[in-house]
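**Student:** I'm passing along start-v5.txt; it holds compact mmCIF, C-alpha atoms.
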# COMPACT_ATOMS: atom_id res chain seq x y z
CA MET L 656 -3.19 -18.64 17.45
CA GLN L 657 -5.24 -17.64 14.41
CA ASN L 658 -3.61 -15.14 12.07
CA ILE L 659 -5.48 -11.82 12.51
CA TRP L 660 -4.97 -11.03 8.82
CA SER L 661 -6.79 -14.13 7.64
CA LYS L 662 -9.85 -13.80 9.86
CA ILE L 663 -10.93 -10.26 8.94
CA LYS L 664 -13.49 -9.86 6.16
CA LYS L 665 -12.21 -7.82 3.19
CA PRO L 666 -11.84 -4.97 2.56
CA ILE L 667 -9.87 -4.64 5.79
CA LEU L 668 -10.15 -1.13 7.25
CA THR L 669 -7.26 -0.24 9.54
CA LEU L 670 -6.23 2.72 11.63
CA ALA L 671 -2.68 3.31 10.38
CA PRO L 672 0.05 4.21 12.90
CA MET L 673 0.61 7.88 13.70
CA ALA L 674 3.26 9.07 16.16
CA GLY L 675 1.64 11.02 18.97
CA TYR L 676 -1.91 10.10 17.99
CA THR L 677 -2.69 6.37 17.83
CA ASP L 678 -2.76 5.84 21.59
CA SER L 679 -5.10 3.47 23.43
CA ALA L 680 -8.02 5.88 23.72
CA PHE L 681 -8.03 6.75 20.02
CA ARG L 682 -7.54 3.14 18.97
CA LEU L 683 -10.52 2.09 21.06
CA ILE L 684 -12.73 4.86 19.68
CA CYS L 685 -11.81 3.81 16.14
CA LEU L 686 -12.50 0.13 16.90
CA GLU L 687 -15.91 1.06 18.27
CA ASN L 688 -16.61 3.01 15.10
CA GLY L 689 -15.81 0.26 12.63
CA ALA L 690 -12.02 -0.12 12.35
CA ASP L 691 -11.09 -3.79 11.88
CA ILE L 692 -7.45 -3.50 12.94
CA VAL L 693 -5.57 -0.72 14.72
CA TYR L 694 -1.85 0.01 15.01
CA THR L 695 0.11 1.42 17.93
CA GLU L 696 2.30 4.44 17.53
CA MET L 697 5.70 3.69 16.02
CA THR L 698 7.67 2.25 18.97
CA SER L 699 11.46 2.15 19.33
CA VAL L 700 12.99 -1.30 19.83
CA GLU L 701 16.00 0.31 21.50
CA ALA L 702 13.74 2.03 24.03
CA ILE L 703 11.86 -1.23 24.70
CA TRP L 704 14.85 -3.40 25.53
CA ARG L 705 16.46 -0.58 27.49
CA LYS L 706 13.16 -0.40 29.45
CA ASN L 707 12.44 3.27 28.89
CA LYS L 708 9.48 4.03 31.18
CA LYS L 709 7.61 6.26 28.73
CA THR L 710 7.97 3.68 25.95
CA LEU L 711 6.90 0.76 28.14
CA LYS L 712 3.80 2.78 29.07
CA MET L 713 2.95 2.93 25.35
CA LEU L 714 2.88 -0.88 25.25
CA GLU L 715 0.06 -1.12 27.78
CA LEU L 716 -3.38 -1.77 26.28
CA LEU L 717 -6.77 -0.97 27.76
CA PRO L 718 -8.70 -4.17 28.64
CA GLU L 719 -11.30 -3.44 25.95
CA GLU L 720 -8.75 -3.19 23.13
CA LYS L 721 -8.51 -5.91 20.50
CA ASN L 722 -6.91 -6.46 17.08
CA VAL L 723 -3.95 -4.22 17.98
CA ILE L 724 -0.77 -4.41 15.88
CA LEU L 725 2.41 -3.29 17.62
CA GLN L 726 4.54 -1.27 15.21
CA LEU L 727 8.29 -1.35 15.85
CA PHE L 728 11.14 0.68 14.40
CA GLY L 729 14.91 0.50 14.66
CA ASN L 730 18.01 -0.21 12.58
CA LYS L 731 19.68 -3.19 14.28
CA PRO L 732 18.43 -6.79 14.00
CA GLU L 733 19.87 -7.56 17.44
CA SER L 734 17.82 -4.76 19.01
CA PHE L 735 14.63 -6.16 17.48
CA LYS L 736 15.54 -9.53 18.97
CA LYS L 737 16.09 -8.03 22.44
CA ALA L 738 12.86 -6.02 22.25
CA LEU L 739 10.84 -9.08 21.21
CA LYS L 740 12.38 -11.14 24.03
CA PHE L 741 11.12 -8.50 26.46
CA ILE L 742 7.66 -8.41 24.82
CA ASN L 743 7.40 -12.21 24.78
CA ASN L 744 8.04 -12.32 28.53
CA LYS L 745 5.17 -9.94 29.25
CA ASN L 746 1.44 -10.59 28.99
CA TYR L 747 0.69 -8.06 26.23
CA ASN L 748 -2.41 -8.72 24.16
CA PHE L 749 -1.08 -7.74 20.72
CA SER L 750 -2.47 -9.44 17.61
CA GLY L 751 0.57 -8.85 15.43
CA ILE L 752 3.94 -7.16 14.98
CA ASP L 753 4.55 -4.58 12.25
CA ILE L 754 7.97 -3.36 11.11
CA ASN L 755 8.16 0.28 10.09
CA LEU L 756 10.04 0.64 6.81
CA GLY L 757 8.21 3.76 5.70
CA CYS L 758 8.50 6.63 8.20
CA PRO L 759 9.87 9.70 6.35
CA ALA L 760 10.73 11.80 9.43
CA HIS L 761 14.33 12.99 9.23
CA LYS L 762 15.03 12.22 12.90
CA VAL L 763 14.12 8.60 12.13
CA THR L 764 15.71 8.15 8.69
CA LYS L 765 18.99 9.81 9.68
CA THR L 766 19.58 6.90 12.09
CA GLY L 767 18.99 4.38 9.29
CA SER L 768 15.51 3.47 10.58
CA GLY L 769 12.06 3.86 9.05
CA ALA L 770 12.02 4.50 5.31
CA ALA L 771 15.84 4.53 5.18
CA LEU L 772 15.76 0.73 5.60
CA MET L 773 14.09 0.28 2.21
CA ASP L 774 17.25 1.59 0.61
CA ASN L 775 19.34 -0.71 2.79
CA LYS L 776 17.72 -3.96 1.68
CA LYS L 777 20.24 -6.31 3.26
CA THR L 778 19.71 -4.92 6.76
CA ALA L 779 15.95 -4.66 6.22
CA ARG L 780 15.78 -8.30 5.21
CA LYS L 781 17.81 -9.35 8.24
CA ILE L 782 15.47 -7.39 10.52
CA ILE L 783 12.39 -9.06 9.00
CA GLU L 784 14.03 -12.48 9.36
CA THR L 785 14.93 -11.72 12.99
CA VAL L 786 11.39 -10.63 13.86
CA LEU L 787 9.90 -13.72 12.19
CA GLU L 788 12.27 -15.93 14.18
CA ASN L 789 11.50 -14.27 17.51
CA THR L 790 7.71 -13.99 17.65
CA LYS L 791 4.75 -16.31 17.26
CA LEU L 792 2.59 -13.38 16.19
CA PRO L 793 1.93 -12.63 12.50
CA VAL L 794 4.47 -10.14 11.13
CA SER L 795 3.57 -7.35 8.71
CA ILE L 796 5.58 -4.51 7.15
CA LYS L 797 4.85 -0.90 6.20
CA ILE L 798 6.71 0.53 3.20
CA ARG L 799 6.65 3.46 0.73
CA SER L 800 6.38 3.57 -3.05
CA GLN L 801 10.02 4.68 -3.43
CA VAL L 802 12.99 5.49 -1.22
CA LYS L 803 15.97 7.01 -3.00
CA ASN L 804 17.29 4.24 -5.29
CA THR L 805 14.80 1.56 -4.25
CA SER L 806 11.22 1.24 -5.45
CA ALA L 807 8.59 -0.76 -3.59
CA ILE L 808 8.75 -3.29 -6.43
CA ASP L 809 12.52 -3.74 -6.00
CA PHE L 810 12.15 -4.10 -2.26
CA ILE L 811 9.30 -6.62 -2.33
CA LYS L 812 11.09 -8.76 -4.93
CA TYR L 813 14.10 -8.88 -2.59
CA ILE L 814 12.09 -10.11 0.43
CA LYS L 815 9.02 -11.83 -1.06
CA ASP L 816 10.22 -15.34 -0.12
CA LEU L 817 9.97 -14.46 3.59
CA ASN L 818 6.91 -15.49 5.58
CA PHE L 819 5.41 -12.09 6.44
CA SER L 820 1.62 -11.86 6.70
CA ALA L 821 0.63 -8.45 5.29
CA VAL L 822 2.01 -5.28 3.69
CA MET L 823 0.78 -1.72 4.06
CA ILE L 824 2.15 0.51 1.32
CA HIS L 825 2.06 4.30 1.46
CA GLY L 826 1.66 5.38 -2.15
CA ARG L 827 4.07 8.31 -1.90
CA THR L 828 7.85 8.44 -2.07
CA LEU L 829 10.17 9.32 0.81
CA LYS L 830 10.78 12.67 -0.91
CA GLN L 831 7.04 13.42 -1.07
CA GLY L 832 6.52 12.77 2.64
CA PHE L 833 2.82 13.20 3.37
CA SER L 834 1.77 15.34 0.40
CA GLY L 835 1.38 15.00 -3.34
CA GLU L 836 -0.13 12.45 -5.68
CA ILE L 837 -0.58 8.80 -4.71
CA ASN L 838 1.03 6.25 -7.01
CA PHE L 839 -1.90 3.85 -7.42
CA GLU L 840 -0.12 1.81 -10.08
CA ILE L 841 2.79 0.75 -7.91
CA ILE L 842 0.41 -0.36 -5.15
CA LYS L 843 -1.51 -2.39 -7.73
CA LYS L 844 1.75 -4.02 -8.88
CA ILE L 845 2.64 -4.96 -5.30
CA LYS L 846 -0.69 -6.76 -5.02
CA LYS L 847 0.12 -8.72 -8.19
CA LEU L 848 3.53 -9.61 -6.75
CA LEU L 849 1.96 -10.84 -3.51
CA PRO L 850 -1.43 -12.29 -4.47
CA ASN L 851 -1.76 -14.55 -1.43
CA ILE L 852 -1.40 -12.08 1.46
CA PRO L 853 -3.36 -8.93 2.38
CA ILE L 854 -2.02 -5.73 0.83
CA LEU L 855 -3.28 -2.45 2.31
CA ALA L 856 -3.19 0.85 0.43
CA ASN L 857 -2.29 3.93 2.48
CA GLY L 858 -1.95 7.67 1.89
CA GLY L 859 -4.30 10.53 1.10
CA ILE L 860 -7.48 8.91 2.43
CA TYR L 861 -9.60 11.68 3.95
CA THR L 862 -13.07 11.03 2.55
CA LEU L 863 -15.32 8.09 1.69
CA ALA L 864 -14.70 8.81 -1.99
CA ASP L 865 -10.93 8.66 -1.37
CA ALA L 866 -11.33 5.25 0.29
CA LYS L 867 -13.42 3.86 -2.56
CA ASN L 868 -11.14 5.36 -5.20
CA ILE L 869 -7.91 3.89 -3.82
CA LEU L 870 -9.47 0.44 -3.39
CA GLU L 871 -10.80 0.45 -6.95
CA LYS L 872 -7.55 1.71 -8.50
CA THR L 873 -5.23 -0.63 -6.61
CA ASN L 874 -7.27 -3.85 -6.20
CA THR L 875 -5.88 -4.15 -2.67
CA ASP L 876 -7.39 -6.10 0.22
CA GLY L 877 -7.90 -3.07 2.41
CA ILE L 878 -6.75 0.40 3.39
CA GLY L 879 -4.83 2.12 6.15
CA ILE L 880 -6.45 5.39 7.21
CA ALA L 881 -4.24 7.79 9.18
CA ARG L 882 -4.86 11.55 9.30
CA GLY L 883 -8.29 11.08 7.75
CA ALA L 884 -9.41 9.43 11.00
CA LEU L 885 -8.33 12.31 13.26
CA GLY L 886 -11.51 13.89 14.60
CA ASN L 887 -13.42 11.48 12.37
CA PRO L 888 -13.28 7.92 13.75
CA PHE L 889 -16.67 7.52 12.05
CA ILE L 890 -14.83 7.23 8.73
CA PHE L 891 -14.50 3.47 9.24
CA SER L 892 -18.20 2.63 9.72
CA SER L 893 -19.23 5.22 7.12
CA THR L 894 -16.77 3.76 4.58
CA LYS L 895 -18.21 0.27 5.11
CA LYS L 896 -21.73 1.55 4.44
CA TYR L 897 -20.56 3.63 1.47
CA LEU L 898 -18.72 0.71 -0.14
CA LYS L 899 -21.78 -1.48 0.31
CA ASN L 900 -24.48 0.79 -1.13
CA ASN L 901 -22.94 4.17 -2.03
CA ASN L 902 -24.80 5.68 0.90
CA TYR L 903 -24.09 6.69 4.48
CA LYS L 904 -25.70 8.66 7.27
CA LYS L 905 -24.05 11.95 8.17
CA ILE L 906 -22.86 12.12 11.78
CA ASN L 907 -24.74 14.79 13.74
CA ASN L 908 -23.38 17.00 16.52
CA LYS L 909 -25.11 14.93 19.20
CA ASN L 910 -23.19 11.82 18.13
CA ILE L 911 -19.96 13.79 17.82
CA LYS L 912 -20.37 15.09 21.39
CA LYS L 913 -21.12 11.58 22.67
CA THR L 914 -18.00 10.20 20.94
CA ILE L 915 -15.79 13.02 22.22
CA ILE L 916 -16.87 12.37 25.81
CA GLN L 917 -16.29 8.63 25.38
CA HIS L 918 -12.84 9.37 23.89
CA ALA L 919 -12.04 11.55 26.91
CA GLU L 920 -13.23 8.91 29.38
CA TYR L 921 -10.92 6.33 27.82
CA PHE L 922 -8.08 8.84 27.83
CA LEU L 923 -8.55 9.54 31.56
CA LYS L 924 -8.00 5.86 32.34
CA TYR L 925 -4.27 6.47 31.93
CA ASN L 926 -3.94 10.28 32.10
CA LYS L 927 -4.54 12.71 34.97
CA ASN L 928 -6.23 15.39 32.87
CA LEU L 929 -7.38 16.19 29.34
CA ILE L 930 -4.71 18.73 28.46
CA PRO L 931 -2.76 16.28 26.19
CA LEU L 932 -6.04 15.33 24.49
CA ARG L 933 -6.67 18.86 23.20
CA LYS L 934 -4.74 18.11 19.99
CA HIS L 935 -7.29 15.37 19.24
CA LEU L 936 -10.32 17.43 20.27
CA ILE L 937 -9.49 20.23 17.83
CA TYR L 938 -9.76 17.81 14.90
CA TYR L 939 -13.36 16.91 15.75
CA PHE L 940 -14.40 20.44 14.76
CA LYS L 941 -12.29 20.91 11.66
CA GLY L 942 -14.39 22.37 8.86
CA GLN L 943 -17.27 23.51 11.07
CA LYS L 944 -18.46 27.09 10.63
CA ASN L 945 -17.58 28.09 14.18
CA ALA L 946 -14.38 25.98 14.37
CA SER L 947 -12.19 28.93 15.36
CA GLU L 948 -14.49 29.83 18.24
CA ILE L 949 -14.62 26.22 19.44
CA ARG L 950 -10.81 25.92 19.29
CA GLN L 951 -10.56 28.85 21.70
CA LYS L 952 -12.78 26.96 24.13
CA ILE L 953 -10.87 23.70 23.70
CA ILE L 954 -7.51 25.20 24.71
CA ASN L 955 -9.00 25.81 28.16
CA ILE L 956 -10.37 22.29 28.68
CA LYS L 957 -8.71 20.42 31.54
CA ASN L 958 -11.23 17.88 32.78
CA LEU L 959 -14.33 15.92 31.83
CA GLU L 960 -16.68 18.52 33.31
CA ASP L 961 -15.13 21.22 31.10
CA LEU L 962 -15.67 18.99 28.08
CA LYS L 963 -19.27 18.16 28.95
CA ASN L 964 -20.00 21.88 29.24
CA LEU L 965 -18.56 22.55 25.76
CA SER L 966 -21.30 23.81 23.46
CA PHE L 967 -21.14 23.74 19.67
Represent the supplied structure as structure tokens.
**Tutor:**
Amino acid sequence: MQNIWSKIKKPILTLAPMAGYTDSAFRLICLENGADIVYTEMTSVEAIWRKNKKTLKMLELLPEEKNVILQLFGNKPESFKKALKFINNKNYNFSGIDINLGCPAHKVTKTGSGAALMDNKKTARKIIETVLENTKLPVSIKIRSQVKNTSAIDFIKYIKDLNFSAVMIHGRTLKQGFSGEINFEIIKKIKKLLPNIPILANGGIYTLADAKNILEKTNTDGIGIARGALGNPFIFSSTKKYLKNNNYKKINNKNIKKTIIQHAEYFLKYNKNLIPLRKHLIYYFKGQKNASEIRQKIINIKNLEDLKNLSF
């Protein structure tokens, strides 16, 4: 099997993992609008091997999906091994496995998972080794610029001899969470430490200028766009055009409506109604003059007919 990370043309534009948002429908919409690689939501290895029904449902891909990286989190090497054994025995069409070492959520870090693992280098290394030993898929990791006593530089130096295939680094510390300045310099240093594998910069990418700026300041091989893609899956194709010639075509309301309906149709392939999709729909109208009025209409949408009748 060809390594997904080596076959994508640089810069690699990825939809970064977001709990509660990067489901099949959204991944597919982003792929259709220019994303090269997409990640699943952060998925618990404990829940996988214990066969939690809701979690196993998250592992199912739509037939049209491609280039999907399964992101896993946990704090025990043995649980990663059990989860991968389960995954290996199923016919899932994932293109890679990613280990979450960067989630700042307290409910995750308090268990020793997510970003907490960066400050527990011995266990983190064992987990990476375990994953590498138990999958034929390329393995990547997602980290932060700093977690308590451990910087991204310290962490990468400790594990750089292992055969992982890519690193996505969020340029903020655990303490910063999802706000504040991005540390471009540390991301740039990670790229120098790992010149032979793709390094993706992540954090604070909401506009085309943000995307260009972080690529130029870090010299990375690509970017991971998270919240900047909510309601704006067009950011991937627009970024490609912008990076190529400093120009792009603004998305009009007709195209937005078409995309929203397509998003909903994908969503209905594995959901009975559109009520859970409302959180996504609201983002499509963020910043519009009549956004507040549209939001009031969206909270009443239940089915495709309601959505098609939405005027804006």
**Student:** I need the residue nearest Pro672 of chain L from this list: L:Asn722, L:Ile880, L:Glu687, L:Arg827. Use all atoms listed in the file for the distance.
**Tutor:**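 The shortest atom-to-atom distance to Pro672 of chain L comes from L:Ile880.
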**Student:** Counting all atoms listed in the file, what is within 9 Å of segment 673-686 of chain L, bar same-chain residues fewer than 5 positions away, as a PyMOL selection string?
**Tutor:** chain L and resi 691-698+713+715-717+719-723+881-882+884-885+887-891+914+917-924+934-935
**Student:** What separation in Å, quoted to one decimal, exists between atom CA of Lys963 of chain L and atom CA of Leu714 of chain L?
**Tutor:**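 Going from atom CA of Lys963 of chain L over to atom CA of Leu714 of chain L, I get 29.4 Å.
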**Student:** Kindly give the distance, in Å, that separates atom CA of Pro759 of chain L and atom CA of Val802 of chain L, rounded to a single decimal.
**Tutor:**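 Atom CA of Val802 of chain L lies at a distance of 9.2 Å from atom CA of Pro759 of chain L.
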**Student:** As JSON, numbers by chain, please: the residues near Gly832 of chain L (cut-off 10 Å, all atoms listed in the file, same-chain neighbours under 5 positions excluded).
**Tutor:** {"L": [757, 758, 759, 760, 799, 825, 827, 858]}
**Student:** Point out the residue among L:Asn874, L:Ser892, L:Ser768, L:Gln801 with the least atom-to-atom distance to Lys905 of chain L, counting only C-alpha atoms.
**Tutor:**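 Using only C-alpha atoms, Lys905 of chain L sits closest to L:Ser892.
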**Student:** I need the residue nearest Asn851 of chain L from this list: L:Ile798, L:Val822, L:Ile953, L:Ile814. Use all atoms listed in the file for the distance.
**Tutor:**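 For Asn851 of chain L, the nearest of the candidates is L:Val822.
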**Student:** How many Å separate atom CA of Ala771 of chain L from atom CA of Val786 of chain L?
**Tutor:** 18.0 Å
**Student:** I'd like to know which of L:Asp876, L:Asp961, L:Glu784, L:Glu836 is closest to Met823 of chain L, using all atoms listed in the file.
**Tutor:** L:Asp876
